[in-house]
>>> print(open('structure_32.tsv').read())   # TSV, C-alpha atoms and all ligand atoms
chain	number	residue	atom	x	y	z
A	253	MET	CA	171.57	-36.54	33.94
A	254	ARG	CA	170.57	-35.00	30.66
A	255	TYR	CA	167.27	-34.96	28.83
A	256	PHE	CA	166.71	-34.19	25.17
A	257	ILE	CA	163.38	-32.43	24.68
A	258	THR	CA	162.03	-33.43	21.31
A	259	GLY	CA	158.60	-32.88	19.83
A	260	ILE	CA	156.21	-34.43	17.38
A	261	ASP	CA	156.62	-31.33	15.18
A	262	THR	CA	157.94	-27.80	15.19
A	263	ASP	CA	155.93	-25.48	17.47
A	264	SER	CA	154.82	-28.41	19.63
A	265	GLY	CA	155.86	-26.50	22.77
A	266	LYS	CA	159.45	-27.71	23.30
A	267	THR	CA	160.76	-24.33	24.43
A	268	PHE	CA	157.94	-23.84	26.95
A	269	VAL	CA	158.47	-27.40	28.21
A	270	SER	CA	162.26	-26.87	28.36
A	271	ALA	CA	161.72	-23.81	30.56
A	272	ILE	CA	159.41	-25.84	32.82
A	273	PHE	CA	162.00	-28.64	33.14
A	274	CYS	CA	164.83	-26.14	33.82
A	275	GLU	CA	162.72	-24.50	36.52
A	276	ALA	CA	161.61	-27.78	38.14
A	277	LEU	CA	165.04	-29.44	38.08
A	278	LYS	CA	167.11	-26.23	38.37
A	279	ALA	CA	168.78	-27.61	35.28
A	280	ASP	CA	171.00	-25.99	32.65
A	281	TYR	CA	169.70	-25.40	29.12
A	282	TRP	CA	171.29	-25.94	25.71
A	283	LYS	CA	169.84	-25.53	22.22
A	284	PRO	CA	172.54	-27.01	19.96
A	285	VAL	CA	171.02	-25.76	16.69
A	286	GLN	CA	168.99	-22.57	16.45
A	287	ALA	CA	167.53	-21.74	13.04
A	288	GLY	CA	166.21	-18.18	12.95
A	289	LEU	CA	165.14	-15.76	15.65
A	290	PRO	CA	164.09	-15.35	18.41
A	291	ARG	CA	166.67	-17.57	20.08
A	292	ASP	CA	164.91	-20.20	22.17
A	293	ALA	CA	167.73	-19.71	24.68
A	294	ASP	CA	166.57	-16.12	25.22
A	295	THR	CA	162.97	-17.25	25.63
A	296	VAL	CA	163.98	-19.82	28.26
A	297	LYS	CA	166.13	-17.24	30.04
A	298	LYS	CA	163.14	-14.88	30.31
A	299	LEU	CA	160.74	-17.63	31.42
A	300	ILE	CA	162.74	-19.09	34.31
A	301	THR	CA	163.18	-17.52	37.72
A	302	ASN	CA	165.56	-19.89	39.52
A	303	GLN	CA	169.14	-18.64	39.92
A	304	GLN	CA	170.86	-21.96	39.27
A	305	THR	CA	170.07	-22.55	35.59
A	306	ARG	CA	172.88	-21.68	33.19
A	307	ILE	CA	172.12	-21.16	29.53
A	308	HIS	CA	174.82	-22.59	27.27
A	309	PRO	CA	175.55	-21.08	23.85
A	310	GLU	CA	174.24	-22.71	20.70
A	311	ARG	CA	176.73	-24.64	18.59
A	312	PHE	CA	175.00	-23.41	15.43
A	313	LEU	CA	173.16	-20.11	15.33
A	314	LEU	CA	171.68	-19.93	11.84
A	315	ASN	CA	169.91	-17.02	10.20
A	316	THR	CA	166.97	-18.56	8.38
A	317	PRO	CA	163.90	-19.95	10.20
A	318	ALA	CA	163.83	-23.23	8.27
A	319	SER	CA	164.94	-26.82	8.55
A	320	PRO	CA	168.53	-26.76	9.93
A	321	HIS	CA	169.97	-28.46	6.82
A	322	ALA	CA	168.48	-25.74	4.62
A	323	SER	CA	169.21	-22.93	7.04
A	324	ALA	CA	172.85	-24.08	7.26
A	325	LYS	CA	173.10	-24.26	3.49
A	326	ALA	CA	171.78	-20.71	3.18
A	327	ASP	CA	174.50	-19.53	5.58
A	328	GLY	CA	177.21	-21.53	3.80
A	329	VAL	CA	177.70	-23.75	6.86
A	330	HIS	CA	177.82	-27.55	7.12
A	331	ILE	CA	176.50	-29.25	10.26
A	332	ALA	CA	178.06	-32.59	11.20
A	333	LEU	CA	177.41	-34.77	14.25
A	334	ASP	CA	181.12	-34.55	15.15
A	335	ASP	CA	180.72	-30.79	15.66
A	336	PHE	CA	178.69	-31.20	18.85
A	337	LYS	CA	180.29	-31.38	22.26
A	338	LEU	CA	178.19	-31.43	25.41
A	339	PRO	CA	178.50	-28.22	27.47
A	340	ASP	CA	180.86	-28.46	30.38
A	341	THR	CA	178.55	-28.74	33.40
A	342	ASN	CA	177.89	-31.07	36.30
A	343	ASN	CA	174.31	-29.89	36.52
A	344	THR	CA	171.33	-31.67	34.97
A	345	LEU	CA	171.13	-30.54	31.36
A	346	ILE	CA	168.02	-29.90	29.28
A	347	ILE	CA	168.79	-30.05	25.56
A	348	GLU	CA	166.21	-28.75	23.09
A	349	GLY	CA	166.03	-30.07	19.55
A	350	ALA	CA	164.88	-28.23	16.43
A	351	GLY	CA	161.49	-29.30	15.11
A	352	GLY	CA	160.80	-33.04	15.32
A	353	CYS	CA	163.06	-36.11	15.37
A	354	LEU	CA	163.50	-36.57	11.64
A	355	VAL	CA	164.38	-32.98	10.94
A	356	PRO	CA	167.60	-33.05	8.88
A	357	LEU	CA	170.84	-31.49	10.08
A	358	ASN	CA	172.51	-32.20	6.75
A	359	ASP	CA	171.77	-34.40	3.72
A	360	ASN	CA	172.22	-37.64	5.67
A	361	GLN	CA	171.79	-37.01	9.40
A	362	PHE	CA	168.85	-36.04	11.53
A	363	VAL	CA	168.06	-34.57	14.95
A	364	ILE	CA	167.40	-38.12	16.14
A	365	ASP	CA	171.02	-39.03	15.31
A	366	LEU	CA	172.15	-36.14	17.51
A	367	ILE	CA	170.02	-37.50	20.38
A	368	ARG	CA	171.78	-40.84	19.96
A	369	VAL	CA	175.35	-39.51	19.83
A	370	LEU	CA	174.75	-37.25	22.84
A	371	ASN	CA	173.67	-40.37	24.69
A	372	THR	CA	170.65	-38.79	26.34
A	373	GLU	CA	167.21	-39.85	27.41
A	374	ALA	CA	164.44	-38.24	25.36
A	375	VAL	CA	161.29	-36.48	26.53
A	376	LEU	CA	158.59	-36.19	23.88
A	377	VAL	CA	156.32	-33.15	23.68
A	378	ALA	CA	153.06	-34.07	21.99
A	379	ASP	CA	150.50	-31.41	21.26
A	380	LEU	CA	146.98	-32.73	20.95
A	381	TYR	CA	145.67	-31.77	17.52
A	382	LEU	CA	143.72	-34.13	15.29
A	383	GLY	CA	146.48	-36.17	13.66
A	384	SER	CA	148.78	-36.12	16.68
A	385	ILE	CA	148.21	-39.78	17.60
A	386	ASN	CA	149.88	-40.80	14.36
A	387	HIS	CA	152.72	-38.27	14.71
A	388	THR	CA	153.34	-39.22	18.33
A	389	LEU	CA	153.40	-42.99	17.77
A	390	LEU	CA	155.62	-42.62	14.69
A	391	THR	CA	158.07	-40.61	16.78
A	392	VAL	CA	158.00	-43.21	19.56
A	393	GLU	CA	158.68	-45.92	16.98
A	394	ALA	CA	161.62	-43.99	15.51
A	395	LEU	CA	163.17	-43.54	18.98
A	396	ARG	CA	162.66	-47.23	19.81
A	397	LYS	CA	164.22	-48.35	16.55
A	398	ARG	CA	167.43	-46.52	17.56
A	399	ASN	CA	167.32	-47.73	21.18
A	400	ILE	CA	166.93	-44.19	22.51
A	401	PRO	CA	165.32	-44.36	25.97
A	402	LEU	CA	162.13	-42.32	26.29
A	403	LYS	CA	161.52	-40.91	29.77
A	404	GLY	CA	157.92	-39.99	29.04
A	405	ILE	CA	155.51	-37.78	27.17
A	406	VAL	CA	154.39	-34.22	27.91
A	407	PHE	CA	150.94	-33.57	26.47
A	408	ASN	CA	150.39	-30.00	25.42
A	409	GLY	CA	146.91	-28.69	24.68
A	410	ASP	CA	143.27	-29.13	25.59
A	411	ALA	CA	142.83	-32.53	27.26
A	412	ASN	CA	141.85	-35.36	24.95
A	413	PRO	CA	141.57	-38.43	27.21
A	414	GLU	CA	141.05	-40.92	24.39
A	415	SER	CA	144.08	-39.70	22.39
A	416	GLU	CA	146.21	-39.71	25.53
A	417	ARG	CA	145.06	-43.20	26.57
A	418	ILE	CA	145.79	-44.83	23.24
A	419	ILE	CA	149.16	-43.07	22.89
A	420	LEU	CA	150.31	-44.11	26.37
A	421	LYS	CA	149.08	-47.69	25.86
A	422	HIS	CA	151.28	-48.12	22.78
A	423	ALA	CA	154.18	-45.89	23.81
A	424	GLU	CA	154.46	-47.76	27.14
A	425	VAL	CA	155.88	-44.70	28.89
A	426	PRO	CA	154.32	-42.40	31.49
A	427	CYS	CA	152.73	-39.01	30.95
A	428	LEU	CA	155.13	-36.67	32.78
A	429	LEU	CA	152.95	-33.59	32.59
A	430	HIS	CA	149.84	-32.21	30.99
A	431	ILE	CA	149.87	-28.58	29.88
A	432	SER	CA	146.66	-26.73	29.05
A	433	LYS	CA	146.31	-23.93	26.53
A	434	GLU	CA	147.44	-20.86	28.48
A	435	LYS	CA	146.37	-17.29	27.75
A	436	VAL	CA	149.85	-16.07	28.65
A	437	ILE	CA	153.17	-17.91	28.73
A	438	ASP	CA	155.10	-16.19	31.51
A	439	ASN	CA	157.12	-16.86	34.68
A	440	ALA	CA	153.96	-17.72	36.64
A	441	ALA	CA	152.87	-20.31	34.06
A	442	VAL	CA	156.32	-21.90	34.14
A	443	ILE	CA	156.34	-22.05	37.95
A	444	LYS	CA	152.84	-23.57	38.01
A	445	TYR	CA	153.83	-26.40	35.66
A	446	ALA	CA	157.27	-26.85	37.24
A	447	ASP	CA	155.49	-27.57	40.55
A	448	LEU	CA	153.23	-30.11	38.82
A	449	LEU	CA	156.20	-31.75	37.09
A	450	LYS	CA	158.05	-32.11	40.41
A	451	ARG	CA	155.09	-34.06	41.80
A	452	ASN	CA	155.31	-36.56	38.92
A	453	TRP	CA	159.11	-36.71	38.79
A	454	ASN	CA	160.91	-39.83	39.90
A	455	GLY	CA	164.44	-38.74	38.95
B	1	LIG	N1	150.17	-24.67	26.28
B	1	LIG	C1	150.34	-23.56	25.57
B	1	LIG	N2	149.48	-22.52	25.69
B	1	LIG	C2	149.64	-21.40	24.96
B	1	LIG	N3	150.66	-21.20	24.09
B	1	LIG	C3	151.55	-22.19	23.94
B	1	LIG	C4	151.45	-23.41	24.66
B	1	LIG	N4	152.49	-24.20	24.31
B	1	LIG	C5	153.21	-23.50	23.41
B	1	LIG	N5	152.65	-22.30	23.18
B	1	LIG	C6	153.12	-21.25	22.25
B	1	LIG	O1	153.23	-21.85	20.96
B	1	LIG	C7	154.37	-21.36	20.28
B	1	LIG	C8	155.27	-22.56	19.93
B	1	LIG	O2	155.76	-23.13	21.11
B	1	LIG	P1	157.32	-23.40	21.31
B	1	LIG	O3	158.11	-22.20	20.85
B	1	LIG	O4	157.54	-23.85	22.70
B	1	LIG	O5	157.52	-24.57	20.24
B	1	LIG	P2	158.85	-25.38	19.88
B	1	LIG	O6	158.46	-26.81	19.83
B	1	LIG	O7	159.90	-24.99	20.84
B	1	LIG	O8	159.23	-24.89	18.40
B	1	LIG	P3	160.70	-24.98	17.66
B	1	LIG	O9	160.69	-26.21	16.82
B	1	LIG	O10	160.70	-23.72	16.81
B	1	LIG	O11	161.77	-24.97	18.70
B	1	LIG	C9	155.03	-20.35	21.21
B	1	LIG	O12	154.59	-19.05	20.89
B	1	LIG	C10	154.53	-20.76	22.59
B	1	LIG	O13	154.53	-19.72	23.52
B	2	LIG	C1	162.44	-22.70	12.28
B	2	LIG	C2	161.59	-23.56	13.20
B	2	LIG	N1	161.07	-22.74	14.27
B	2	LIG	C3	162.36	-24.75	13.76
B	2	LIG	N2	163.44	-24.29	14.60
B	2	LIG	C4	162.86	-25.69	12.68
B	2	LIG	C5	161.74	-26.49	12.13
B	2	LIG	C6	162.17	-27.43	11.05
B	2	LIG	C7	161.02	-28.23	10.49
B	2	LIG	C8	161.41	-28.99	9.29
B	2	LIG	C9	160.30	-29.93	8.84
B	2	LIG	O1	159.95	-30.85	9.58
B	2	LIG	O2	159.76	-29.70	7.76
B	3	MG	MG	161.74	-24.17	20.54
>>> encode(input="structure_32.tsv", output="structure tokens")
Amino acid sequence: MRYFITGIDTDSGKTFVSAIFCEALKADYWKPVQAGLPRDADTVKKLITNQQTRIHPERFLLNTPASPHASAKADGVHIALDDFKLPDTNNTLIIEGAGGCLVPLNDNQFVIDLIRVLNTEAVLVADLYLGSINHTLLTVEALRKRNIPLKGIVFNGDANPESERIILKHAEVPCLLHISKEKVIDNAAVIKYADLLKRNWNG
């Protein structure tokens, strides 16, 4: 199985959630497009403690922390969907996107097109700021429109029961995990949430 961790925006918590999924499922990790440093792959490597997870190299490692289409242009590189080949592994694979679903890879193609061609289920990370209901439901609608299966939503941030209720009602998918604001993001935080995820996980 493979899961594409997407978010409702950049900085929604995809890397933290990817580390939690890798830890819970002892899964491999792949960030196909990294724009700027630090490498999310390095962050995940530091955050996990299981010995089974393998970190696969990025297909595009770009210099500028910007939208991949712009970051690629600055490096004189062109990203095309044909450039991506799934890493060679039999293990469960966690794939992390860049920013949200409609972040451009080039002038015509988006992260959401990469999710589709990689033929993966998506997991949506939704942080809970004011405005996130709209961003979350728009993302769900974009995934639906392209027939991309959505495994569920991970809510990230201080609990907001009314936001979560209305999102889940319309998204018609389960909440896989709820992450609170943590003082420190470290191995212990990842293990704590990996244990919670395993309780909710139905494979
Ligand atoms: N629940 C949380 N509590 C405290 N800090 C958090 C939490 N979730 C995420 N963060 C912090 O917020 C920042 C952004 O999170 P993260 O890097 O996971 O976002 P991202 O969605 O992966 O962004 P990108 O689009 O750049 O890949 C990081 O510094 C991360 O440690
Ligand atoms: C550099 C950053 N941390 C992400 N990797 C890329 C975010 C692209 C966001 C583009 C946008 O939606 O405006
Ligand atoms: Mg990230």
>>> residues_near_ligand(input="structure_32.tsv", ligand="ligand MG 3 (chain B)", cutoff="9 Å", atoms="all atoms listed in the file", output="VMD selection string")
chain A and resid 262 to 270 283 286 291 to 293 295 348 to 351
>>> write_last_selection(input="structure_32.tsv", atoms="C-alpha atoms", output="PDB file, in the coordinates of the input")
ATOM      1  CA  THR A 262     157.940 -27.800  15.190  1.00  0.00           C
ATOM      2  CA  ASP A 263     155.930 -25.480  17.470  1.00  0.00           C
ATOM      3  CA  SER A 264     154.820 -28.410  19.630  1.00  0.00           C
ATOM      4  CA  GLY A 265     155.860 -26.500  22.770  1.00  0.00           C
ATOM      5  CA  LYS A 266     159.450 -27.710  23.300  1.00  0.00           C
ATOM      6  CA  THR A 267     160.760 -24.330  24.430  1.00  0.00           C
ATOM      7  CA  PHE A 268     157.940 -23.840  26.950  1.00  0.00           C
ATOM      8  CA  VAL A 269     158.470 -27.400  28.210  1.00  0.00           C
ATOM      9  CA  SER A 270     162.260 -26.870  28.360  1.00  0.00           C
ATOM     10  CA  LYS A 283     169.840 -25.530  22.220  1.00  0.00           C
ATOM     11  CA  GLN A 286     168.990 -22.570  16.450  1.00  0.00           C
ATOM     12  CA  ARG A 291     166.670 -17.570  20.080  1.00  0.00           C
ATOM     13  CA  ASP A 292     164.910 -20.200  22.170  1.00  0.00           C
ATOM     14  CA  ALA A 293     167.730 -19.710  24.680  1.00  0.00           C
ATOM     15  CA  THR A 295     162.970 -17.250  25.630  1.00  0.00           C
ATOM     16  CA  GLU A 348     166.210 -28.750  23.090  1.00  0.00           C
ATOM     17  CA  GLY A 349     166.030 -30.070  19.550  1.00  0.00           C
ATOM     18  CA  ALA A 350     164.880 -28.230  16.430  1.00  0.00           C
ATOM     19  CA  GLY A 351     161.490 -29.300  15.110  1.00  0.00           C
TER      20      GLY A 351
END
>>> atom_distance(input="structure_32.tsv", atom1="CA of Asn452 (chain A)", atom2="CA of Cys274 (chain A)")
15.0 Å
>>> atom_distance(input="structure_32.tsv", atom1="atom C4 of ligand LIG 2 (chain B)", atom2="CA of Pro320 (chain A)")
6.4 Å
>>> residues_around(input="structure_32.tsv", residues="region 308-310 of chain A", least_positions_apart="6", cutoff="10 Å", atoms="only C-alpha atoms", output="VMD selection string")
chain A and resid 280 to 286 291 to 293 336 338 to 341 345 347
>>> atom_distance(input="structure_32.tsv", atom1="CA of Asn386 (chain A)", atom2="CA of Glu434 (chain A)")
24.6 Å
